[in-house]
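Data block below; observations after.
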Amino acid sequence: MTETRIYMGPKCARVPRGARVNFLGHHRKMGFFEWNGERFCCPVRLLWRVKP
């Protein structure tokens with residue numbers, strides 16, 4: 001089960017800031033997500049929950 005989150009990483013990252021990504025899960029402080037068919041990891045604090 002994936003959850004939609006907003007990636008709020010640096011401007012020069014491979015994933016654009018503010019992109020909606022599919023959150024796959026986390027292990028301790030590292031979050032794993034999928035964007036544009038590729039999987040990435042970053043600190044989970046950069047993956048913001050989408051408010052309803």
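Letters for chains follow the order of the structure tokens (A, B, ...), residue numbers begin at 1 for each chain, and ligand numbers begin at 1 in the order shown.
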> Which residues come within 10 Å of His26 of chain A, counting only C-alpha atoms, excluding same-chain residues fewer than 6 positions away, as a VMD selection string?
Replying inline: chain A and resid 32 to 33 41 to 44
> Leaving out Leu46 of chain A and any residue of its chain fewer than 3 positions from it, which residues lie within 10 Å of it when counting only C-alpha atoms, given as a VMD selection string?
Replying inline: chain A and resid 5 to 10 17 30 to 31 42 to 43 49
Selection above as a file: N, CA, C and O atoms, as a CSV table (one decimal), in the first residue's frame:
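Result file is out_34.csv:
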chain,number,residue,atom,x,y,z
A,5,ARG,N,2.7,11.5,-0.8
A,5,ARG,CA,3.3,12.5,0.0
A,5,ARG,C,4.0,13.6,-0.9
A,5,ARG,O,4.1,13.4,-2.1
A,6,ILE,N,4.4,14.7,-0.3
A,6,ILE,CA,5.0,15.8,-1.0
A,6,ILE,C,6.5,15.8,-0.7
A,6,ILE,O,6.9,15.9,0.5
A,7,TYR,N,7.4,15.7,-1.7
A,7,TYR,CA,8.8,15.7,-1.5
A,7,TYR,C,9.3,17.2,-1.3
A,7,TYR,O,9.1,18.0,-2.2
A,8,MET,N,9.9,17.5,-0.2
A,8,MET,CA,10.4,18.8,0.1
A,8,MET,C,11.9,18.9,0.3
A,8,MET,O,12.4,19.4,1.3
A,9,GLY,N,12.6,18.3,-0.6
A,9,GLY,CA,14.0,18.2,-0.6
A,9,GLY,C,14.7,19.5,-1.2
A,9,GLY,O,14.0,20.4,-1.5
A,10,PRO,N,16.0,19.4,-1.4
A,10,PRO,CA,16.7,20.6,-2.0
A,10,PRO,C,16.3,20.8,-3.5
A,10,PRO,O,15.8,19.9,-4.2
A,17,ARG,N,11.4,19.8,-6.1
A,17,ARG,CA,10.9,20.1,-4.8
A,17,ARG,C,9.4,20.4,-5.0
A,17,ARG,O,8.9,21.0,-5.9
A,30,MET,N,15.1,6.8,7.6
A,30,MET,CA,15.2,6.9,6.1
A,30,MET,C,13.8,6.5,5.5
A,30,MET,O,13.2,5.5,5.8
A,31,GLY,N,13.3,7.4,4.6
A,31,GLY,CA,12.1,7.1,3.9
A,31,GLY,C,12.3,6.6,2.5
A,31,GLY,O,13.3,7.1,1.9
A,42,CYS,N,15.4,9.1,1.2
A,42,CYS,CA,15.8,10.4,1.7
A,42,CYS,C,15.4,10.4,3.2
A,42,CYS,O,14.6,9.5,3.6
A,43,PRO,N,15.8,11.3,4.0
A,43,PRO,CA,15.3,11.4,5.4
A,43,PRO,C,13.8,11.6,5.4
A,43,PRO,O,13.2,12.3,4.5
A,49,ARG,N,3.2,14.8,4.7
A,49,ARG,CA,1.9,14.2,4.4
A,49,ARG,C,1.0,15.2,3.7
A,49,ARG,O,1.1,16.4,4.0
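Nearest to Pro16 of chain A of all the residues A:Trp35, A:Thr4, A:Pro52, A:Arg28 is A:Trp35, based on only C-alpha atoms.
With distances restricted to only C-alpha atoms, A:Phe23 is the closest residue to Val50 of chain A from A:Lys29, A:Phe23, A:Ala13, A:Glu34.
Across A:Val15, A:Lys51, A:Arg39, A:Leu24, the tightest approach to Thr2 of chain A is made by A:Leu24 when counting only C-alpha atoms.
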